[in-house]
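For reference, the structure discussed in these notes is given below.
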Protein chains: 2
Amino acid sequence: MSSDVVKTAKQLDTMSISPYGPARATVNEKTLSDDEVRKMSDYFYATMYLCLGMIYLKENPLLREPLSTDHIKRRLLGHWGSDAGQSFTYIHMNRLIKKYDLDAIFISGPGHGAPAVLSNSYLEGVYSEIYPDKSEDVDGMRRFFKQFSFPGGIGSHATPETPGSIHEGGELGYSVSHAFGTVFDHPDLIALTMVGDGEAETGPLAASWHSTKFLNPITDGAVLPVLHLNGYKINNPTVLARITHRELEALFIGYGWTPFFVEGSDLPTMHQAMASTLEKCVTEIKAIQKQARESGKAFRPLWPMIVLRTPKGWTGPRKIDGHFLEGFWRSHQVPITGIVGNKPKLLQLEDWMKSYKPEKLFDESGTLIPELKELAPTGNRRMSANPVANGGILRRKLHLPDWRDYCVDVKKNGTQMWGSMNQFATYLRDIVKKNPTHFRVFGPDETESNKMGVIYEAGKKVWMGDYFDEDADGGNLAYAGRVMEILSEHTCEGWLEGYVLSGRHGMLNSYEPFIHVIDSMVNQHCKWLEKCLEVDWRVKVASLNILLTATVWRQDHNGFTHQDPGFLDVVANKSPEVVRIYLPPDANCFLSTMDHCFRSANYVNVIVADKQEHLQFLDKEEAIAHCTKGAGIWKWASNDQGEEPDVVMASCGDVVTHEALAATALLRQYFPDLKIRFVNVVDLFRLIPESEHPHGMSDREFKSLFTEDKPCIFNFHSYPWLIHRLTYRRKGQHNLHVRGYKEKGNIDTPLELAIRNSTDRFSLAIDAIDRIPGLGNKGTTAREELLNQQIKAANYAFHEGMDPSELTNWVWPF
Amino acid sequence: MSSDVVKTAKQLDTMSISPYGPARATVNEKTLSDDEVRKMSDYFYATMYLCLGMIYLKENPLLREPLSTDHIKRRLLGHWGSDAGQSFTYIHMNRLIKKYDLDAIFISGPGHGAPAVLSNSYLEGVYSEIYPDKSEDVDGMRRFFKQFSFPGGIGSHATPETPGSIHEGGELGYSVSHAFGTVFDHPDLIALTMVGDGEAETGPLAASWHSTKFLNPITDGAVLPVLHLNGYKINNPTVLARITHRELEALFIGYGWTPFFVEGSDLPTMHQAMASTLEKCVTEIKAIQKQARESGKAFRPLWPMIVLRTPKGWTGPRKIDGHFLEGFWRSHQVPITGIVGNKPKLLQLEDWMKSYKPEKLFDESGTLIPELKELAPTGNRRMSANPVANGGILRRKLHLPDWRDYCVDVKKNGTQMWGSMNQFATYLRDIVKKNPTHFRVFGPDETESNKMGVIYEAGKKVWMGDYFDEDADGGNLAYAGRVMEILSEHTCEGWLEGYVLSGRHGMLNSYEPFIHVIDSMVNQHCKWLEKCLEVDWRVKVASLNILLTATVWRQDHNGFTHQDPGFLDVVANKSPEVVRIYLPPDANCFLSTMDHCFRSANYVNVIVADKQEHLQFLDKEEAIAHCTKGAGIWKWASNDQGEEPDVVMASCGDVVTHEALAATALLRQYFPDLKIRFVNVVDLFRLIPESEHPHGMSDREFKSLFTEDKPCIFNFHSYPWLIHRLTYRRKGQHNLHVRGYKEKGNIDTPLELAIRNSTDRFSLAIDAIDRIPGLGNKGTTAREELLNQQIKAANYAFHEGMDPSELTNWVWPF
């Protein structure tokens, strides 16, 4: 049979791109004995049989009775199209895991092909170990089938319920970045990553191939991608399956890989081709690692990857009712539909399922026969049992320095300027230092711009690309580093997700406006975390920490496109079980918050903190007390002395707190007798009723801060409606007058931007005056004077191109 | 000088990747005379001078006085790094526009290099024509400088104020997809597209190179990308600048292009290299188009593109204070900082600016000298004057069939099931048919799945990839088509934005959950539209229509990952001037809404409509009346007969309206005397106060629908908090009890999912019972029975895998 095949990539240039025919492969040696080929085919057929069973059957799992409508699920759901190619690859990796004792996981990029992963997990016994009622017998198989895509059961993606999965694949595009995140600092791990050719069209996936420039062969493991040229998406051919071989090969060389091709539909020759090619890839990976590790010299190899071209819906009927099924997009989901009450179709399905010869594959009790069972690895070497894919098991606590050692020494509240980010960065540097193998910092080219460059003292930026002389002049690049930067928020987030899901810790820092680029990824990660809470064998992983800086209020020349604090709205829609949002007002609160976040598990923590210099409000002890409560009265900034105030001035966010405090000072200057309470919120979800969020406060607490009937001017970092949404159930919420960004901006100085959005001190003071009854003429006069001051300040900015320094350097006067 | 250069791509294999040295290029002929080289260098220097002037100067624009601190802006902002490479390319295109009378626009991908575009627009006279106070003289130049990155002025990206720009580049990654959108159906247009090597790392950009598989050389124009290997981002090298030449070349071959290289720093040889290479690319484009058009046979050529490698900050000082500036990331923004009060640095800047010899380039009055002026094209051939980049000028109204001809014949309200999407699809098909050259439909592989396949009768899916025999079996692919599908929401959205911004019309259809993938792109498009409203010479473009389907409530087997209706929250944060959200409850309202959207201008219209069969509520005339109001009482579903009701049942969205109506029926069945008003909202922003949105309703109108004191059960398609946010200012908003998706789901039948989120008929009826006073024992009994019915229905779904048909086929019984 091997004489039929084309042996070299060069010859492949002239090949047809049809997926049909005997195997054509870059490496094609007769690696397997005929007996091995037969067994692997049988094992493969067993998985294919299970895949169909999952899609169709609720009874009669081994077709020991003639198939009838009663055995068929009434609503048919699930995906068949990519199952064969995925299972085929999985099985071939099993052989090599056994042969080389590999530590490997399987990442299922196409996602919509969970049956492939589930059937393999079931056959290798892991599924029954985890879910004893899905036992390896007829009854267990029946339950295993019925639960699939069935209410109360499991989905047709590699959901959290799937053993061995760290990647659901519901939303496409993240398999490769997840895989890289998983192997960073796991030097012996191979992430066998099935990449769908549909998924490969997405932006995030297209960018993530370049991850090779950030993988160190000494300290990191390897990603072995198998691009599955399955040929079709839901209803279209895929781009990569319809370009020339020359382009396809060039593309992956261009991305920095060595592509190996395995193409065809003839199973015996395909087994030989895949066995020898996959083995070649694994041994190349081992050779690369050996060379780097023995020499101690890291380098960027052209890592091997495989392009696997097989027909979509492989092993199914080529045509149904005169229309193409296998090898066409019609095999994407349920391959034969309209079965209920249709005898010929029922027979068609029965014939097809029986063609896999279940009676030969499973014994009387319904268990896979021993000669096939032994093809799978055992114990934790089984890919669906690898602890890496239940990363919480491997999670070690971070070694955290005492954050209090990094605090700013605030002698008097609200009188010193300091860069909050500098303080945090030093603390972060020491976290990097103390956790050299399980903590990384990720970001799209902004760590330095975000004023955290000091962390390079503990860990430089990983860079496996070429080096220039200029790099020595402050480039902070290294083969082995702890900071991961590529100008792709998608890739950074994907790496971090993979890193955290496989048991480690990390943080993403990014410009606030462009975090929307990964809205959807963060959504999906939240959903993953939430479902994991319902899966009892999943152990909690470290929280995913997202630090937003370069915020809306300081976009001086970047202008309108860089002003969007709305990520908080997206996050606030996710389950209260898994999301937390913090807006520390100053350096000490910021440190306290981050310490808390780094200790937490299973959340997405979003922290908003500007990178510029800011007024510092609280000393160490005050910050502890304030952050512990999450929201509280700042007594030093209030003069209501425990009584009911005339007005509450509240803030949430750093820049806006500065302005709210200045507004308080203006009011007290004009109205010395006015009782003003100053409230600051650090933990945004404190505002929600306690019934709706674990951090929510009681109505009594809420009243004790905001009152029920006094006007409250609330200066918020983000879009003001979020505060209304969070507080709409509170008594007295009508008295909350919220200011925030309302999508007004351009090339503005900070003060000008605040004025445009009415979050500046003058607007806030005027807001208060307008709402406090009984100020009379004094109120009118003050209002007028404040307006004049505002205009004067705005004019100064307009003419000088900067804000008046007496306003930006303002300090708390009391 | 040409003997120094390498002539073929093959030889380039061994080249160093440094940007320094004489030009190395794929095509390098002595195309220009020495005099031409001199003039082009001078023109280039003039633009470089202007770039620096913009960043630094507010006075003394031509340095006719010794430079002093008084002439310098007090706050220095702006980007220098990519200016030189962009301007260099722009100037070379000018030569070819003149030589071949090309119709071309310039798309500035790096964005942060607006000075390059602005300086060219100024020199070719367009800027002064549009902004007469920025005249071509000393005083105009002073104002031109001062406004840049200055409060009240313009930004350092190619913002809407920039003549010739359709692409701001504030958020990176969309230049290539925008360019393709612009040239579709513009057969003679060339979009010269500068792609930043930072931008090139983003996912959206990485995916968009494959757009070549969707461009027809007969009916479409051409995109000529110039990948600018500028070498650095803010603080890092770029990936593409640090891989081998072999990889770089292979990558673009793999993407389907023919890459031409121009690399170096020596200006005279670089001029020759760029002139001959760019000319080669342009003539290749022309040759490809000629061949396709004369033969009438479309094909997919390997379109030419250029890789331009020049030092970042080219023409600047190589080092400042002992640190690399030119050719390193330090030249990214303001190249020399800390100038104010620092005499040596002031001199450094002055020397540098004078090195361009402004006194030779500009005449006494401050105008570019005639021999340079004539290098630019004239009239609309000037790239910054091309009407394509002010697309509203070219916008023709759509020829719309009468939507009423596609209406469902609703004999009795709420009693017939029909697929709303089918009706719309037929209407859409006829729009496609009637507008064969200026309307396209975009979507990520979902048009068929979204039940709109009928449109292929009027226009198939564009596919320039290879064809298989299977495609004839319902593939609906064609070289010339009107539907654009690639599995990249980013690419689809980018194409549509480019298409609309250049004067045409279109629609994107996508699965609701994954529209979050393009949150950030839509944000940016909204911001672009809003700013355009402030730029008086910009003519309104067609609205960008986003149809969301496959919605949260019908994700049967896709499960939790496919449930996210939160895009509406993102859109609702944008300016009321530019966003509209519609949730038509049935087919006729859907048609009416879409007709309205297709006629509108300058909005982002978001329309949510499920693709499954639905109960139809309104006939044609009722739909007109209802959609005109945007929200109204459905009298046929109400029994309050114009009186004050006991309870208001309200809905917004199709699936939820069905359930709300069924809840009304249940209530009336149990409590025949209860007066129930049924309100439906189509136009979401009707709920906001009129002061906050042009569609907002007055408090009086609001009261007339929702009352001020009666309980209102509001069933909402999306997350419930959005309704609270929109209505928090309304009197009686405390009586609004909003139900919606609250992030509870898994593999659920539609009814089960509704029950989980309390949006099902039983929950809603119980909600009402709990809030209507005085129902007494009757209420308790009804509550209990409803709960039992709910449990029974849920159990059925759980056991049968589908919802009870008596519930899904339910009709309005009154």
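Residues in the structure tokens are named by chain (A, B, ... in the order shown) and by number from 1 within that chain; ligands are numbered from 1 in the order shown.
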
- Among segment 589-681 of chain A, which ones does DSSP place in alpha helix (DSSP H), written as a PyMOL selection string? chain A and resi 589-599+620-629+654-670

Taking C-alpha atoms for each residue, export the selection above as a PDB file, in the first residue's frame.
```pdb
ATOM      1  CA  CYS A 589      -5.948  50.673  48.282  1.00  0.00           C
ATOM      2  CA  PHE A 590      -4.614  49.454  44.952  1.00  0.00           C
ATOM      3  CA  LEU A 591      -1.973  47.337  46.705  1.00  0.00           C
ATOM      4  CA  SER A 592      -4.478  45.942  49.171  1.00  0.00           C
ATOM      5  CA  THR A 593      -6.862  45.087  46.326  1.00  0.00           C
ATOM      6  CA  MET A 594      -4.219  43.332  44.269  1.00  0.00           C
ATOM      7  CA  ASP A 595      -3.071  41.291  47.252  1.00  0.00           C
ATOM      8  CA  HIS A 596      -6.655  40.171  47.658  1.00  0.00           C
ATOM      9  CA  CYS A 597      -7.010  39.360  43.955  1.00  0.00           C
ATOM     10  CA  PHE A 598      -3.799  37.344  43.817  1.00  0.00           C
ATOM     11  CA  ARG A 599      -5.023  35.211  46.720  1.00  0.00           C
ATOM     12  CA  LYS A 620      -1.749  51.756  55.194  1.00  0.00           C
ATOM     13  CA  GLU A 621      -4.092  51.085  58.087  1.00  0.00           C
ATOM     14  CA  GLU A 622      -6.890  53.147  56.626  1.00  0.00           C
ATOM     15  CA  ALA A 623      -6.514  51.350  53.317  1.00  0.00           C
ATOM     16  CA  ILE A 624      -6.814  47.978  55.060  1.00  0.00           C
ATOM     17  CA  ALA A 625      -9.962  49.075  56.836  1.00  0.00           C
ATOM     18  CA  HIS A 626     -11.455  50.683  53.753  1.00  0.00           C
ATOM     19  CA  CYS A 627     -10.729  47.814  51.366  1.00  0.00           C
ATOM     20  CA  THR A 628     -11.969  45.272  53.871  1.00  0.00           C
ATOM     21  CA  LYS A 629     -15.310  47.038  53.881  1.00  0.00           C
ATOM     22  CA  ASP A 654      -9.221  57.229  41.188  1.00  0.00           C
ATOM     23  CA  VAL A 655      -9.467  60.276  38.952  1.00  0.00           C
ATOM     24  CA  VAL A 656     -13.098  60.871  39.848  1.00  0.00           C
ATOM     25  CA  THR A 657     -12.347  60.620  43.572  1.00  0.00           C
ATOM     26  CA  HIS A 658      -9.859  63.412  43.228  1.00  0.00           C
ATOM     27  CA  GLU A 659     -12.525  65.606  41.621  1.00  0.00           C
ATOM     28  CA  ALA A 660     -15.238  64.616  44.080  1.00  0.00           C
ATOM     29  CA  LEU A 661     -12.970  65.494  46.965  1.00  0.00           C
ATOM     30  CA  ALA A 662     -12.142  68.846  45.412  1.00  0.00           C
ATOM     31  CA  ALA A 663     -15.856  69.465  44.977  1.00  0.00           C
ATOM     32  CA  THR A 664     -16.350  68.725  48.659  1.00  0.00           C
ATOM     33  CA  ALA A 665     -13.687  71.258  49.500  1.00  0.00           C
ATOM     34  CA  LEU A 666     -15.314  73.877  47.289  1.00  0.00           C
ATOM     35  CA  LEU A 667     -18.659  73.286  48.948  1.00  0.00           C
ATOM     36  CA  ARG A 668     -17.207  73.574  52.424  1.00  0.00           C
ATOM     37  CA  GLN A 669     -15.425  76.729  51.427  1.00  0.00           C
ATOM     38  CA  TYR A 670     -18.678  78.286  50.249  1.00  0.00           C
TER      39      TYR A 670
END
```

- Message: Need the shell around Ala191 of chain A: protein/DNA/RNA residues with any atom at most 10 Å away, counting only C-alpha atoms. Skip same-chain ones fewer than 6 positions apart. Format as JSON, numbers by chain?
- Response: {"A": [103, 104, 105, 106, 107, 176, 178, 179, 180, 181, 182, 183, 221, 222, 223, 224, 225, 383]}

Based on the selection just made, write C-alpha atoms of those residues as a PDB file, in the first residue's frame.
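As written to disk, part.pdb reads:
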```
ATOM      1  CA  ASP A 103       2.881  13.774  29.243  1.00  0.00           C
ATOM      2  CA  ALA A 104       0.234  15.068  26.852  1.00  0.00           C
ATOM      3  CA  ILE A 105      -3.142  16.727  26.727  1.00  0.00           C
ATOM      4  CA  PHE A 106      -5.578  17.052  23.856  1.00  0.00           C
ATOM      5  CA  ILE A 107      -7.072  20.434  22.985  1.00  0.00           C
ATOM      6  CA  VAL A 176      -3.598  27.613  19.921  1.00  0.00           C
ATOM      7  CA  HIS A 178      -4.768  28.278  25.131  1.00  0.00           C
ATOM      8  CA  ALA A 179      -2.343  25.517  24.234  1.00  0.00           C
ATOM      9  CA  PHE A 180       0.661  27.802  24.520  1.00  0.00           C
ATOM     10  CA  GLY A 181      -0.548  29.128  27.851  1.00  0.00           C
ATOM     11  CA  THR A 182      -0.753  25.562  29.082  1.00  0.00           C
ATOM     12  CA  VAL A 183       2.778  24.561  28.131  1.00  0.00           C
ATOM     13  CA  GLY A 221       6.831  22.404  26.836  1.00  0.00           C
ATOM     14  CA  ALA A 222       5.642  22.085  23.269  1.00  0.00           C
ATOM     15  CA  VAL A 223       2.491  22.700  21.304  1.00  0.00           C
ATOM     16  CA  LEU A 224       1.871  20.240  18.507  1.00  0.00           C
ATOM     17  CA  PRO A 225      -0.902  21.681  16.351  1.00  0.00           C
ATOM     18  CA  MET A 383      -5.083  12.390  27.994  1.00  0.00           C
TER      19      MET A 383
END
```

- Task: Fewer than 5 positions away in the same chain doesn't count, so skip those; otherwise give me all residues within 10 Å of Lys39 of chain B, counting only C-alpha atoms, as JSON, numbers by chain.
- Result: {"B": [33, 34, 44, 45, 361, 371, 372, 373, 375]}

- Item | Long-range neighbours of Thr551 of chain B as a ChimeraX atom specification, 8 Å cut-off, only C-alpha atoms, 5 positions minimum in chain | /B:511-513,563,565,608-610

Given the selection you just returned, output its residues as a file containing N, CA and C atoms, formatted as a CSV table (one decimal), in the first residue's frame.
```
chain,number,residue,atom,x,y,z
B,511,TYR,N,-24.6,35.4,14.6
B,511,TYR,CA,-25.2,34.8,15.8
B,511,TYR,C,-25.0,35.8,16.9
B,512,GLU,N,-26.1,35.9,17.7
B,512,GLU,CA,-26.1,36.9,18.8
B,512,GLU,C,-24.9,36.8,19.8
B,513,PRO,N,-24.6,35.6,20.2
B,513,PRO,CA,-23.6,35.5,21.3
B,513,PRO,C,-22.3,36.0,20.8
B,563,GLN,N,-25.0,31.7,24.8
B,563,GLN,CA,-26.1,32.5,25.4
B,563,GLN,C,-25.5,33.8,25.9
B,565,PRO,N,-26.8,37.9,25.3
B,565,PRO,CA,-27.5,39.0,24.6
B,565,PRO,C,-26.9,40.3,25.0
B,608,VAL,N,-32.6,42.7,16.5
B,608,VAL,CA,-32.5,41.3,17.1
B,608,VAL,C,-33.8,40.6,16.7
B,609,ALA,N,-33.6,39.5,16.0
B,609,ALA,CA,-34.8,38.7,15.5
B,609,ALA,C,-34.4,37.2,15.4
B,610,ASP,N,-35.1,36.4,16.1
B,610,ASP,CA,-34.8,35.0,16.1
B,610,ASP,C,-35.1,34.3,14.7
```

- Task: For His717 of chain A, work out the shell of residues within 7 Å, counting only C-alpha atoms and skipping chain neighbours fewer than 3 positions away, then give it as a list of chain:residue names.
- Result: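 Residues meeting the cut-off are A:Cys652, A:Gly653, A:Val656, A:Gly740, A:Tyr741.
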
- Within 10 Å of segment 362-364 of chain A, counting only C-alpha atoms, which residues qualify if same-chain residues fewer than 6 places away don't, as a PyMOL selection string? chain A and resi 46+62+136-138+370+372

- Message: So that I can see what lies close to Met40 of chain A, please list as a PyMOL selection string the residues with an atom at most 12 Å from it, counting only C-alpha atoms and leaving out residues fewer than 3 positions away in the same chain.
- Response: chain A and resi 32-37+43-47+87-95+267-268+270-272+274-275+361+371-376

- Message: Report, in Å to a single decimal, how far apart atom CA of Phe150 of chain A and atom CA of Met421 of chain B are.
- Response: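 So the two atoms, atom CA of Met421 of chain B and atom CA of Phe150 of chain A, lie 26.3 Å apart.
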
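If only C-alpha atoms are the atoms counted, then among B:Leu251, B:Leu736, B:Val552, B:Ile607 the closest residue to chain A is B:Leu251.
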
- How many Å separate atom CA of Val195 of chain B from atom CA of Glu489 of chain A? 18.0 Å

- May I ask for the distance between atom CA of Leu227 of chain B and atom CA of Met194 of chain B, given in Å to one decimal place?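 Distance reported for this atom pair: 6.1 Å.
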
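When only C-alpha atoms are used to compute distances to Tyr406 of chain A, the closest of the residues A:Ile431, A:Val571, A:Ala794, A:Val647 turns out to be A:Ile431.
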
- Task: Could you tell me, as a list in words, which residues of segment 275-432 of chain A DSSP assigns to strand (DSSP E) when given the backbone?
- Result: Trp303, Pro304, Met305, Ile306, Val307, Leu308, Arg309, Lys319, Ile320, His323, Phe324, Gln416, Met417, Trp418 and Gly419 of chain A

Output the selection as a short mmCIF file (atom, residue, chain, number, x, y, z; two decimals), in the first residue's frame - C-alpha atoms for each residue.
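Just written: part.cif:
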```cif
data_model
loop_
_atom_site.label_atom_id
_atom_site.label_comp_id
_atom_site.auth_asym_id
_atom_site.auth_seq_id
_atom_site.Cartn_x
_atom_site.Cartn_y
_atom_site.Cartn_z
CA TRP A 303 8.45 23.62 15.54
CA PRO A 304 6.75 20.72 13.75
CA MET A 305 3.01 20.84 13.06
CA ILE A 306 0.69 18.67 11.05
CA VAL A 307 -1.82 19.50 8.34
CA LEU A 308 -4.36 16.68 8.38
CA ARG A 309 -6.70 16.63 5.39
CA LYS A 319 -24.24 10.43 -0.26
CA ILE A 320 -27.68 10.42 1.34
CA HIS A 323 -26.80 14.55 -1.91
CA PHE A 324 -23.23 14.58 -0.71
CA GLN A 416 0.53 64.07 48.43
CA MET A 417 0.84 63.18 44.76
CA TRP A 418 2.29 59.82 43.91
CA GLY A 419 2.15 57.34 41.05
#
```

- Item | Pick from A:Glu690, A:Glu743, A:Asp321, A:Glu284, whichever lies nearest to chain B using only C-alpha atoms |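 Of the candidates, the smallest distance to chain B is held by A:Glu743.
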
- Task: Could you tell me which of B:Thr269, B:Ser208, B:Ser600, B:Asn545 comes closest to chain A if we count only C-alpha atoms?
- Result: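 Smallest separation from chain A among the options: B:Ser208.
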
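In terms of minimum interatomic distance to Thr258 of chain A, A:Thr26 ranks closest within A:Gln641, A:Thr26, A:Ile339, A:Pro444, counting only C-alpha atoms.
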